[in-house]
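Data block for upload.pdb (PDB, C-alpha atoms, pLDDT in the B column):
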ATOM      1  CA  MET A   1     -20.055  39.077 -43.465  1.00 56.00           C
ATOM      2  CA  ARG A   2     -19.191  42.762 -43.417  1.00 61.00           C
ATOM      3  CA  SER A   3     -20.346  45.307 -45.898  1.00 66.00           C
ATOM      4  CA  GLU A   4     -17.923  47.739 -47.471  1.00 72.00           C
ATOM      5  CA  LEU A   5     -19.454  50.550 -45.397  1.00 69.00           C
ATOM      6  CA  GLY A   6     -19.125  48.549 -42.192  1.00 64.00           C
ATOM      7  CA  ARG A   7     -15.514  47.874 -42.981  1.00 68.00           C
ATOM      8  CA  VAL A   8     -14.920  51.567 -43.548  1.00 68.00           C
ATOM      9  CA  ARG A   9     -16.721  52.574 -40.341  1.00 70.00           C
ATOM     10  CA  GLY A  10     -14.685  50.053 -38.357  1.00 66.00           C
ATOM     11  CA  LEU A  11     -11.598  51.844 -39.661  1.00 68.00           C
ATOM     12  CA  GLY A  12      -9.361  48.801 -39.444  1.00 67.00           C
ATOM     13  CA  ALA A  13      -7.531  47.053 -36.641  1.00 62.00           C
ATOM     14  CA  ALA A  14      -6.321  50.295 -35.038  1.00 62.00           C
ATOM     15  CA  ARG A  15      -9.897  51.747 -35.066  1.00 65.00           C
ATOM     16  CA  GLU A  16      -8.656  55.066 -36.321  1.00 70.00           C
ATOM     17  CA  GLY A  17      -8.229  54.503 -40.029  1.00 72.00           C
ATOM     18  CA  VAL A  18      -5.491  56.615 -41.536  1.00 78.00           C
ATOM     19  CA  GLY A  19      -5.645  59.165 -38.692  1.00 83.00           C
ATOM     20  CA  HIS A  20      -2.241  58.352 -37.209  1.00 87.00           C
ATOM     21  CA  TRP A  21      -0.532  58.188 -40.602  1.00 90.00           C
ATOM     22  CA  TRP A  22      -2.036  61.493 -41.705  1.00 92.00           C
ATOM     23  CA  ARG A  23      -1.202  63.374 -38.489  1.00 94.00           C
ATOM     24  CA  GLN A  24       2.379  62.130 -38.726  1.00 95.00           C
ATOM     25  CA  ARG A  25       2.689  63.581 -42.258  1.00 95.00           C
ATOM     26  CA  VAL A  26       1.042  66.907 -41.424  1.00 96.00           C
ATOM     27  CA  THR A  27       3.248  67.442 -38.346  1.00 97.00           C
ATOM     28  CA  ALA A  28       6.302  66.401 -40.405  1.00 97.00           C
ATOM     29  CA  ALA A  29       5.541  69.026 -43.047  1.00 97.00           C
ATOM     30  CA  ALA A  30       4.926  71.673 -40.367  1.00 98.00           C
ATOM     31  CA  LEU A  31       8.237  70.812 -38.696  1.00 98.00           C
ATOM     32  CA  VAL A  32      10.275  71.649 -41.807  1.00 97.00           C
ATOM     33  CA  PRO A  33       9.984  75.457 -41.433  1.00 98.00           C
ATOM     34  CA  LEU A  34       9.746  75.189 -37.625  1.00 98.00           C
ATOM     35  CA  MET A  35      13.063  73.350 -37.293  1.00 98.00           C
ATOM     36  CA  VAL A  36      14.766  75.734 -39.729  1.00 97.00           C
ATOM     37  CA  TRP A  37      13.634  78.565 -37.422  1.00 98.00           C
ATOM     38  CA  PHE A  38      14.765  76.618 -34.359  1.00 98.00           C
ATOM     39  CA  VAL A  39      18.276  75.958 -35.709  1.00 97.00           C
ATOM     40  CA  GLY A  40      18.565  79.663 -36.564  1.00 97.00           C
ATOM     41  CA  MET A  41      17.430  80.548 -33.044  1.00 97.00           C
ATOM     42  CA  VAL A  42      19.959  78.243 -31.378  1.00 97.00           C
ATOM     43  CA  ILE A  43      22.761  79.700 -33.511  1.00 96.00           C
ATOM     44  CA  SER A  44      21.720  83.306 -32.850  1.00 96.00           C
ATOM     45  CA  LEU A  45      21.404  82.690 -29.078  1.00 96.00           C
ATOM     46  CA  LYS A  46      24.758  80.870 -28.866  1.00 93.00           C
ATOM     47  CA  GLY A  47      26.487  81.934 -25.637  1.00 91.00           C
ATOM     48  CA  ALA A  48      23.688  84.408 -24.829  1.00 94.00           C
ATOM     49  CA  ASP A  49      23.188  85.496 -21.223  1.00 95.00           C
ATOM     50  CA  HIS A  50      19.889  85.285 -19.333  1.00 96.00           C
ATOM     51  CA  GLU A  51      18.845  88.871 -20.101  1.00 96.00           C
ATOM     52  CA  THR A  52      19.322  88.349 -23.857  1.00 96.00           C
ATOM     53  CA  VAL A  53      17.187  85.185 -23.772  1.00 97.00           C
ATOM     54  CA  ARG A  54      14.446  87.020 -21.828  1.00 96.00           C
ATOM     55  CA  ALA A  55      14.485  89.903 -24.293  1.00 96.00           C
ATOM     56  CA  PHE A  56      14.327  87.446 -27.204  1.00 97.00           C
ATOM     57  CA  PHE A  57      11.188  85.716 -25.897  1.00 97.00           C
ATOM     58  CA  LYS A  58       9.487  89.022 -25.052  1.00 95.00           C
ATOM     59  CA  ALA A  59       8.737  89.246 -28.773  1.00 96.00           C
ATOM     60  CA  PRO A  60       5.350  87.486 -29.117  1.00 95.00           C
ATOM     61  CA  GLY A  61       6.378  86.028 -32.477  1.00 97.00           C
ATOM     62  CA  HIS A  62       9.467  84.365 -30.974  1.00 97.00           C
ATOM     63  CA  ALA A  63       7.485  82.990 -28.019  1.00 97.00           C
ATOM     64  CA  THR A  64       4.792  81.633 -30.368  1.00 97.00           C
ATOM     65  CA  ALA A  65       7.373  80.010 -32.654  1.00 98.00           C
ATOM     66  CA  MET A  66       9.127  78.395 -29.682  1.00 98.00           C
ATOM     67  CA  VAL A  67       5.865  76.985 -28.317  1.00 97.00           C
ATOM     68  CA  LEU A  68       5.012  75.667 -31.785  1.00 98.00           C
ATOM     69  CA  VAL A  69       8.445  74.044 -32.138  1.00 98.00           C
ATOM     70  CA  VAL A  70       8.146  72.194 -28.822  1.00 97.00           C
ATOM     71  CA  GLY A  71       4.436  71.371 -29.218  1.00 97.00           C
ATOM     72  CA  VAL A  72       4.561  70.077 -32.795  1.00 98.00           C
ATOM     73  CA  ALA A  73       7.924  68.319 -32.315  1.00 98.00           C
ATOM     74  CA  LEU A  74       6.740  66.510 -29.177  1.00 97.00           C
ATOM     75  CA  TYR A  75       3.446  65.525 -30.809  1.00 97.00           C
ATOM     76  CA  HIS A  76       5.315  64.212 -33.858  1.00 97.00           C
ATOM     77  CA  ALA A  77       7.687  62.382 -31.477  1.00 97.00           C
ATOM     78  CA  LEU A  78       4.724  60.883 -29.621  1.00 96.00           C
ATOM     79  CA  LEU A  79       3.283  59.521 -32.886  1.00 96.00           C
ATOM     80  CA  GLY A  80       6.673  57.999 -33.754  1.00 96.00           C
ATOM     81  CA  VAL A  81       7.488  56.552 -30.332  1.00 96.00           C
ATOM     82  CA  ARG A  82       3.980  55.038 -30.221  1.00 93.00           C
ATOM     83  CA  VAL A  83       4.708  53.009 -33.341  1.00 93.00           C
ATOM     84  CA  VAL A  84       8.093  51.923 -31.977  1.00 94.00           C
ATOM     85  CA  ILE A  85       6.422  50.673 -28.765  1.00 94.00           C
ATOM     86  CA  GLU A  86       3.682  48.944 -30.761  1.00 90.00           C
ATOM     87  CA  ASP A  87       6.341  47.270 -32.924  1.00 90.00           C
ATOM     88  CA  TYR A  88       8.835  46.121 -30.310  1.00 92.00           C
ATOM     89  CA  VAL A  89       6.981  45.655 -27.003  1.00 92.00           C
ATOM     90  CA  HIS A  90       5.201  42.326 -27.296  1.00 90.00           C
ATOM     91  CA  HIS A  91       3.970  42.032 -23.713  1.00 92.00           C
ATOM     92  CA  GLU A  92       0.384  43.358 -23.800  1.00 92.00           C
ATOM     93  CA  THR A  93       0.396  44.994 -20.358  1.00 94.00           C
ATOM     94  CA  GLY A  94       3.840  46.463 -20.933  1.00 94.00           C
ATOM     95  CA  LYS A  95       2.690  47.851 -24.260  1.00 93.00           C
ATOM     96  CA  LEU A  96      -0.369  49.490 -22.732  1.00 94.00           C
ATOM     97  CA  VAL A  97       1.587  50.976 -19.824  1.00 96.00           C
ATOM     98  CA  GLY A  98       4.288  52.217 -22.188  1.00 95.00           C
ATOM     99  CA  LEU A  99       1.786  53.895 -24.504  1.00 94.00           C
ATOM    100  CA  VAL A 100      -0.052  55.604 -21.633  1.00 96.00           C
ATOM    101  CA  LEU A 101       3.206  56.769 -20.003  1.00 96.00           C
ATOM    102  CA  VAL A 102       4.523  58.230 -23.259  1.00 96.00           C
ATOM    103  CA  GLN A 103       1.265  60.126 -23.793  1.00 96.00           C
ATOM    104  CA  MET A 104       1.247  61.458 -20.230  1.00 97.00           C
ATOM    105  CA  MET A 105       4.869  62.539 -20.523  1.00 97.00           C
ATOM    106  CA  THR A 106       4.147  64.362 -23.778  1.00 97.00           C
ATOM    107  CA  VAL A 107       1.284  66.326 -22.201  1.00 98.00           C
ATOM    108  CA  LEU A 108       3.459  67.145 -19.187  1.00 98.00           C
ATOM    109  CA  LEU A 109       6.427  68.303 -21.297  1.00 98.00           C
ATOM    110  CA  VAL A 110       4.336  70.446 -23.658  1.00 98.00           C
ATOM    111  CA  LEU A 111       2.493  72.057 -20.751  1.00 98.00           C
ATOM    112  CA  PHE A 112       5.750  72.760 -18.905  1.00 98.00           C
ATOM    113  CA  ALA A 113       7.367  74.217 -22.034  1.00 98.00           C
ATOM    114  CA  VAL A 114       4.419  76.576 -22.648  1.00 97.00           C
ATOM    115  CA  VAL A 115       4.436  77.770 -19.026  1.00 97.00           C
ATOM    116  CA  ALA A 116       8.234  78.152 -19.152  1.00 98.00           C
ATOM    117  CA  VAL A 117       8.164  80.286 -22.322  1.00 97.00           C
ATOM    118  CA  LEU A 118       5.443  82.514 -20.824  1.00 96.00           C
ATOM    119  CA  ALA A 119       7.402  82.784 -17.568  1.00 96.00           C
ATOM    120  CA  ILE A 120      10.588  83.765 -19.425  1.00 96.00           C
ATOM    121  CA  ALA A 121       8.768  86.394 -21.465  1.00 92.00           C
ATOM    122  CA  TYR A 122       6.346  87.829 -18.925  1.00 90.00           C
ATOM    123  CA  GLY A 123       7.491  86.556 -15.516  1.00 84.00           C
ATOM    124  CA  GLY A 124       8.844  88.942 -12.903  1.00 69.00           C
TER     125      GLY A 124
ATOM    126  CA  MET B   1      -2.066  20.034 -36.929  1.00 54.00           C
ATOM    127  CA  THR B   2       1.400  19.096 -38.107  1.00 62.00           C
ATOM    128  CA  ARG B   3       3.694  21.869 -39.164  1.00 67.00           C
ATOM    129  CA  LYS B   4       5.746  21.252 -42.219  1.00 74.00           C
ATOM    130  CA  ASN B   5       9.114  22.843 -42.757  1.00 79.00           C
ATOM    131  CA  ARG B   6       7.898  25.611 -44.931  1.00 79.00           C
ATOM    132  CA  PRO B   7      10.372  28.133 -46.311  1.00 76.00           C
ATOM    133  CA  LEU B   8      10.585  31.262 -44.182  1.00 73.00           C
ATOM    134  CA  SER B   9      11.166  34.738 -45.514  1.00 73.00           C
ATOM    135  CA  PRO B  10      14.706  35.923 -44.831  1.00 70.00           C
ATOM    136  CA  HIS B  11      14.969  38.012 -41.680  1.00 73.00           C
ATOM    137  CA  LEU B  12      17.518  40.532 -40.388  1.00 71.00           C
ATOM    138  CA  GLN B  13      20.247  38.062 -39.470  1.00 74.00           C
ATOM    139  CA  ILE B  14      20.418  36.627 -42.993  1.00 76.00           C
ATOM    140  CA  TYR B  15      19.614  39.762 -44.960  1.00 77.00           C
ATOM    141  CA  ARG B  16      22.582  41.552 -46.536  1.00 81.00           C
ATOM    142  CA  PRO B  17      22.611  45.153 -45.254  1.00 84.00           C
ATOM    143  CA  GLN B  18      21.891  47.611 -48.022  1.00 90.00           C
ATOM    144  CA  LEU B  19      21.848  51.399 -48.208  1.00 93.00           C
ATOM    145  CA  THR B  20      18.054  51.343 -48.311  1.00 93.00           C
ATOM    146  CA  SER B  21      17.558  49.113 -45.266  1.00 91.00           C
ATOM    147  CA  LEU B  22      20.265  50.861 -43.221  1.00 94.00           C
ATOM    148  CA  MET B  23      18.789  54.283 -44.003  1.00 96.00           C
ATOM    149  CA  SER B  24      15.348  53.022 -43.047  1.00 95.00           C
ATOM    150  CA  ILE B  25      16.423  51.881 -39.585  1.00 94.00           C
ATOM    151  CA  ALA B  26      18.566  55.015 -39.207  1.00 97.00           C
ATOM    152  CA  HIS B  27      15.401  57.100 -39.703  1.00 97.00           C
ATOM    153  CA  ARG B  28      13.847  55.361 -36.721  1.00 96.00           C
ATOM    154  CA  ILE B  29      16.974  55.543 -34.551  1.00 97.00           C
ATOM    155  CA  THR B  30      17.496  59.264 -35.262  1.00 98.00           C
ATOM    156  CA  GLY B  31      13.791  59.801 -34.521  1.00 97.00           C
ATOM    157  CA  ILE B  32      14.139  58.232 -31.072  1.00 97.00           C
ATOM    158  CA  PHE B  33      17.330  60.206 -30.440  1.00 97.00           C
ATOM    159  CA  LEU B  34      15.602  63.464 -31.454  1.00 97.00           C
ATOM    160  CA  ALA B  35      12.647  62.663 -29.187  1.00 97.00           C
ATOM    161  CA  VAL B  36      14.986  62.150 -26.224  1.00 96.00           C
ATOM    162  CA  GLY B  37      16.807  65.357 -27.187  1.00 96.00           C
ATOM    163  CA  THR B  38      13.623  67.427 -26.914  1.00 96.00           C
ATOM    164  CA  LEU B  39      13.979  66.844 -23.171  1.00 96.00           C
ATOM    165  CA  GLY B  40      17.082  69.023 -23.477  1.00 97.00           C
ATOM    166  CA  ILE B  41      15.086  71.819 -25.124  1.00 97.00           C
ATOM    167  CA  VAL B  42      12.449  71.666 -22.373  1.00 98.00           C
ATOM    168  CA  TYR B  43      15.229  71.632 -19.736  1.00 98.00           C
ATOM    169  CA  TRP B  44      16.816  74.728 -21.313  1.00 98.00           C
ATOM    170  CA  LEU B  45      13.474  76.577 -21.396  1.00 98.00           C
ATOM    171  CA  GLY B  46      12.713  75.549 -17.824  1.00 98.00           C
ATOM    172  CA  ALA B  47      16.131  76.713 -16.627  1.00 97.00           C
ATOM    173  CA  ALA B  48      15.676  80.096 -18.318  1.00 97.00           C
ATOM    174  CA  ALA B  49      12.245  80.385 -16.648  1.00 97.00           C
ATOM    175  CA  TYR B  50      13.668  79.607 -13.176  1.00 96.00           C
ATOM    176  CA  GLY B  51      16.122  82.503 -13.361  1.00 95.00           C
ATOM    177  CA  PRO B  52      19.729  83.547 -14.094  1.00 96.00           C
ATOM    178  CA  ASP B  53      21.375  80.969 -11.789  1.00 97.00           C
ATOM    179  CA  ALA B  54      19.525  77.980 -13.209  1.00 97.00           C
ATOM    180  CA  TYR B  55      20.062  79.354 -16.716  1.00 97.00           C
ATOM    181  CA  GLN B  56      23.809  79.666 -16.106  1.00 97.00           C
ATOM    182  CA  ARG B  57      23.929  76.049 -14.899  1.00 97.00           C
ATOM    183  CA  ALA B  58      22.083  74.832 -18.011  1.00 97.00           C
ATOM    184  CA  HIS B  59      24.410  76.911 -20.150  1.00 96.00           C
ATOM    185  CA  GLY B  60      27.349  75.178 -18.474  1.00 96.00           C
ATOM    186  CA  VAL B  61      25.857  71.764 -19.243  1.00 97.00           C
ATOM    187  CA  PHE B  62      25.424  72.523 -22.960  1.00 96.00           C
ATOM    188  CA  ALA B  63      28.829  74.266 -23.223  1.00 94.00           C
ATOM    189  CA  SER B  64      30.717  71.343 -21.631  1.00 96.00           C
ATOM    190  CA  TRP B  65      32.447  68.962 -24.025  1.00 97.00           C
ATOM    191  CA  ILE B  66      29.857  66.229 -23.472  1.00 97.00           C
ATOM    192  CA  GLY B  67      27.028  68.741 -23.916  1.00 96.00           C
ATOM    193  CA  THR B  68      28.576  70.048 -27.119  1.00 96.00           C
ATOM    194  CA  LEU B  69      29.041  66.505 -28.394  1.00 97.00           C
ATOM    195  CA  GLY B  70      25.372  65.822 -27.603  1.00 97.00           C
ATOM    196  CA  LEU B  71      24.337  68.983 -29.464  1.00 97.00           C
ATOM    197  CA  PHE B  72      26.473  67.974 -32.446  1.00 97.00           C
ATOM    198  CA  LEU B  73      25.034  64.449 -32.620  1.00 98.00           C
ATOM    199  CA  TRP B  74      21.527  65.864 -32.146  1.00 98.00           C
ATOM    200  CA  SER B  75      22.067  68.256 -35.054  1.00 98.00           C
ATOM    201  CA  VAL B  76      23.303  65.420 -37.293  1.00 98.00           C
ATOM    202  CA  ALA B  77      20.242  63.357 -36.330  1.00 98.00           C
ATOM    203  CA  LEU B  78      17.990  66.364 -36.978  1.00 98.00           C
ATOM    204  CA  PHE B  79      19.390  67.083 -40.453  1.00 98.00           C
ATOM    205  CA  TYR B  80      19.278  63.394 -41.382  1.00 98.00           C
ATOM    206  CA  HIS B  81      15.714  62.884 -40.127  1.00 98.00           C
ATOM    207  CA  LEU B  82      14.634  66.150 -41.808  1.00 98.00           C
ATOM    208  CA  SER B  83      16.185  65.272 -45.191  1.00 98.00           C
ATOM    209  CA  ASN B  84      15.061  61.650 -45.103  1.00 98.00           C
ATOM    210  CA  GLY B  85      11.626  62.802 -43.913  1.00 97.00           C
ATOM    211  CA  LEU B  86      11.316  64.920 -47.069  1.00 97.00           C
ATOM    212  CA  ARG B  87      12.314  61.776 -49.010  1.00 97.00           C
ATOM    213  CA  HIS B  88       9.481  59.918 -47.283  1.00 97.00           C
ATOM    214  CA  LEU B  89       7.015  62.716 -48.121  1.00 96.00           C
ATOM    215  CA  MET B  90       8.142  62.486 -51.753  1.00 97.00           C
ATOM    216  CA  TRP B  91       7.376  58.738 -51.669  1.00 97.00           C
ATOM    217  CA  ASP B  92       3.987  59.482 -50.080  1.00 95.00           C
ATOM    218  CA  LEU B  93       3.217  61.664 -53.103  1.00 95.00           C
ATOM    219  CA  GLY B  94       4.044  58.675 -55.301  1.00 95.00           C
ATOM    220  CA  HIS B  95       7.445  59.677 -56.693  1.00 96.00           C
ATOM    221  CA  GLY B  96      10.870  58.057 -56.820  1.00 94.00           C
ATOM    222  CA  PHE B  97      10.135  54.362 -56.293  1.00 94.00           C
ATOM    223  CA  GLU B  98      12.386  53.033 -59.059  1.00 95.00           C
ATOM    224  CA  ARG B  99      15.476  51.222 -57.835  1.00 93.00           C
ATOM    225  CA  GLU B 100      17.830  53.827 -59.250  1.00 95.00           C
ATOM    226  CA  ALA B 101      15.775  56.735 -57.917  1.00 96.00           C
ATOM    227  CA  VAL B 102      15.682  55.211 -54.423  1.00 96.00           C
ATOM    228  CA  TYR B 103      19.480  54.980 -54.336  1.00 97.00           C
ATOM    229  CA  LYS B 104      19.908  58.433 -55.836  1.00 97.00           C
ATOM    230  CA  SER B 105      17.624  60.055 -53.248  1.00 97.00           C
ATOM    231  CA  GLY B 106      19.377  58.013 -50.544  1.00 97.00           C
ATOM    232  CA  TYR B 107      22.781  59.452 -51.432  1.00 98.00           C
ATOM    233  CA  ALA B 108      21.195  62.913 -51.766  1.00 98.00           C
ATOM    234  CA  VAL B 109      19.915  62.622 -48.166  1.00 98.00           C
ATOM    235  CA  LEU B 110      23.376  61.621 -46.889  1.00 98.00           C
ATOM    236  CA  GLY B 111      24.919  64.531 -48.800  1.00 98.00           C
ATOM    237  CA  ALA B 112      22.316  67.005 -47.521  1.00 98.00           C
ATOM    238  CA  THR B 113      22.906  65.813 -43.940  1.00 98.00           C
ATOM    239  CA  ALA B 114      26.640  66.465 -44.247  1.00 98.00           C
ATOM    240  CA  VAL B 115      26.199  69.851 -45.968  1.00 98.00           C
ATOM    241  CA  LEU B 116      23.572  71.107 -43.482  1.00 98.00           C
ATOM    242  CA  THR B 117      25.656  69.963 -40.488  1.00 98.00           C
ATOM    243  CA  VAL B 118      28.809  71.675 -41.772  1.00 98.00           C
ATOM    244  CA  LEU B 119      26.806  74.786 -42.696  1.00 97.00           C
ATOM    245  CA  ALA B 120      25.059  75.073 -39.303  1.00 97.00           C
ATOM    246  CA  TRP B 121      28.247  74.529 -37.275  1.00 97.00           C
ATOM    247  CA  GLY B 122      30.258  76.689 -39.658  1.00 96.00           C
ATOM    248  CA  ILE B 123      27.857  79.601 -39.177  1.00 95.00           C
ATOM    249  CA  GLY B 124      27.527  78.852 -35.460  1.00 93.00           C
ATOM    250  CA  CYS B 125      31.287  78.908 -34.905  1.00 91.00           C
ATOM    251  CA  THR B 126      32.008  82.045 -36.945  1.00 90.00           C
ATOM    252  CA  ILE B 127      29.371  84.438 -35.578  1.00 80.00           C
TER     253      ILE B 127
END

The structure in this file should be written as structure tokens.
Amino acid sequence: MRSELGRVRGLGAAREGVGHWWRQRVTAAALVPLMVWFVGMVISLKGADHETVRAFFKAPGHATAMVLVVGVALYHALLGVRVVIEDYVHHETGKLVGLVLVQMMTVLLVLFAVVAVLAIAYGG
Amino acid sequence: MTRKNRPLSPHLQIYRPQLTSLMSIAHRITGIFLAVGTLGIVYWLGAAAYGPDAYQRAHGVFASWIGTLGLFLWSVALFYHLSNGLRHLMWDLGHGFEREAVYKSGYAVLGATAVLTVLAWGIGCTI
């Protein structure tokens, strides 16, 4: 027999309550203005040479927006891909390995993107 | 325990495809496609960080016909996922669950996807 409180503290089968669901919504809402900015950036940098791109990211606001686009988009993607793996991979070991790999890849990609933006803007 | 032949709920292979179900799976498929496409963004940033030569190579990849096709499909997926995502957020707030409203918002998402794609590529090709 479980009390209501115990049930709440257990936070369901996924042990995280509505955490995943909520983070997916918050990142989705944040991505609306971010992707509008990103599409505008891609259009304005169409056919740009290397010097133009460097000059563009020298503006701290542009560099920050770019890092936010990649960071929030990849985190939102991680939350989505996680559910897809949980839904379609039925082999327990495969599921675990898949989930860990996707998380590691997300960390790697975000880290690389941040370093890359800083290198473009402030590198020699 | 003996299992009786109980009626099963209809599954994909027997279910008639409808706008609602097709748009639901399309949300997931475009999501996966967008996730894979972010690798392209990271590649572009990395190339620009490595210097002019690497940047020029990346530029060549995106400017090639297959790269342009990829960009176009990615943009369609983005505008669809964005519009349909707003539809999902509307549902999360508790609006638009009636049968008619669901179809209306569904067609609105398809329309918005087309308009945004034409608009983005129209602006991109004229400037």

task: With a cut-off of 6 Å and counting all atoms listed in the file, select all residues of chain B in contact with chain A and give the selection as a VMD selection string.
output: chain B and resid 35 42 45 to 46 49 52 124

Just need the box for segment 96-104 of chain B, edges along x, y and z, holding every atom the file lists for it with 8 Å tacked onto each side, so centre and edge lengths in Å to one decimal, as AutoDock Vina command-line options.
--center_x 15.0 --center_y 54.8 --center_z -56.8 --size_x 25.8 --size_y 23.2 --size_z 20.9

If you count only C-alpha atoms, which residues fall within 9 Å of segment 94-104 of chain B, apart from same-chain ones fewer than 5 positions away, as an mmCIF file with C-alpha atoms, in the coordinates of the input?
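The resulting file, selection.cif, is shown below:
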data_model
loop_
_atom_site.group_PDB
_atom_site.id
_atom_site.type_symbol
_atom_site.label_atom_id
_atom_site.label_comp_id
_atom_site.auth_asym_id
_atom_site.auth_seq_id
_atom_site.Cartn_x
_atom_site.Cartn_y
_atom_site.Cartn_z
ATOM 1 C CA LEU B 19 21.848 51.399 -48.208
ATOM 2 C CA THR B 20 18.054 51.343 -48.311
ATOM 3 C CA ARG B 87 12.314 61.776 -49.010
ATOM 4 C CA LEU B 89 7.015 62.716 -48.121
ATOM 5 C CA VAL B 109 19.915 62.622 -48.166
#

message: So that I can check the surroundings of segment 8-13 of chain B, please list as a PyMOL selection string every protein, DNA and RNA residue that reaches within 12 Å of it, counting only C-alpha atoms and ignoring chain neighbours fewer than 4 positions away.
response: chain B and resi 4+17-18+21-22+25

task: Run through the PyMOL selection byres ((chain B and resi 59-67) around 10) on the given coordinates and return the selected residues as a PyMOL selection string.
output: (chain A and resi 46-50) or (chain B and resi 40+44+47-48+53-58+68-73)

field: Counting all atoms listed in the file, the residue of B:Ile14, B:Phe79, B:Val36, B:Ser105 that sits nearest Leu119 of chain B
entry: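 Going through B:Ile14, B:Phe79, B:Val36, B:Ser105 one by one, the smallest distance to Leu119 of chain B is for B:Phe79.
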
- request: Find the residues around Ala65 of chain A up to 9 Å (only C-alpha atoms counted), leave out those fewer than 5 positions away in its own chain, and share them as a PyMOL selection string.
  value: chain A and resi 34+37-38+60+70

field: Which residue of B:Tyr80, B:Trp91, B:Tyr15, B:Gly37 approaches Ala112 of chain B most closely, using all atoms listed in the file
entry: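 The shortest atom-to-atom distance to Ala112 of chain B comes from B:Tyr80.
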
message: To one decimal place in Å, what is the distance between atom CA of Thr30 of chain B and atom CA of Trp74 of chain B?
response: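 It comes out at 8.3 Å.
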
message: Once the PyMOL selection byres ((chain A and resi 102) around 10) is applied to the coordinates I shared, what remains selected? I want it as an MDAnalysis selection string.
response: chainID A and resid 77:79 81:82 85 97:101 103:108

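Going from atom CA of His62 of chain A over to atom CA of His88 of chain B, you cover 29.4 Å.
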
task: Between atom CA of Leu110 of chain B and atom CA of Ser24 of chain B, measure the distance and give it in Å to one decimal.
output: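 Atom CA of Ser24 of chain B lies at a distance of 12.4 Å from atom CA of Leu110 of chain B.
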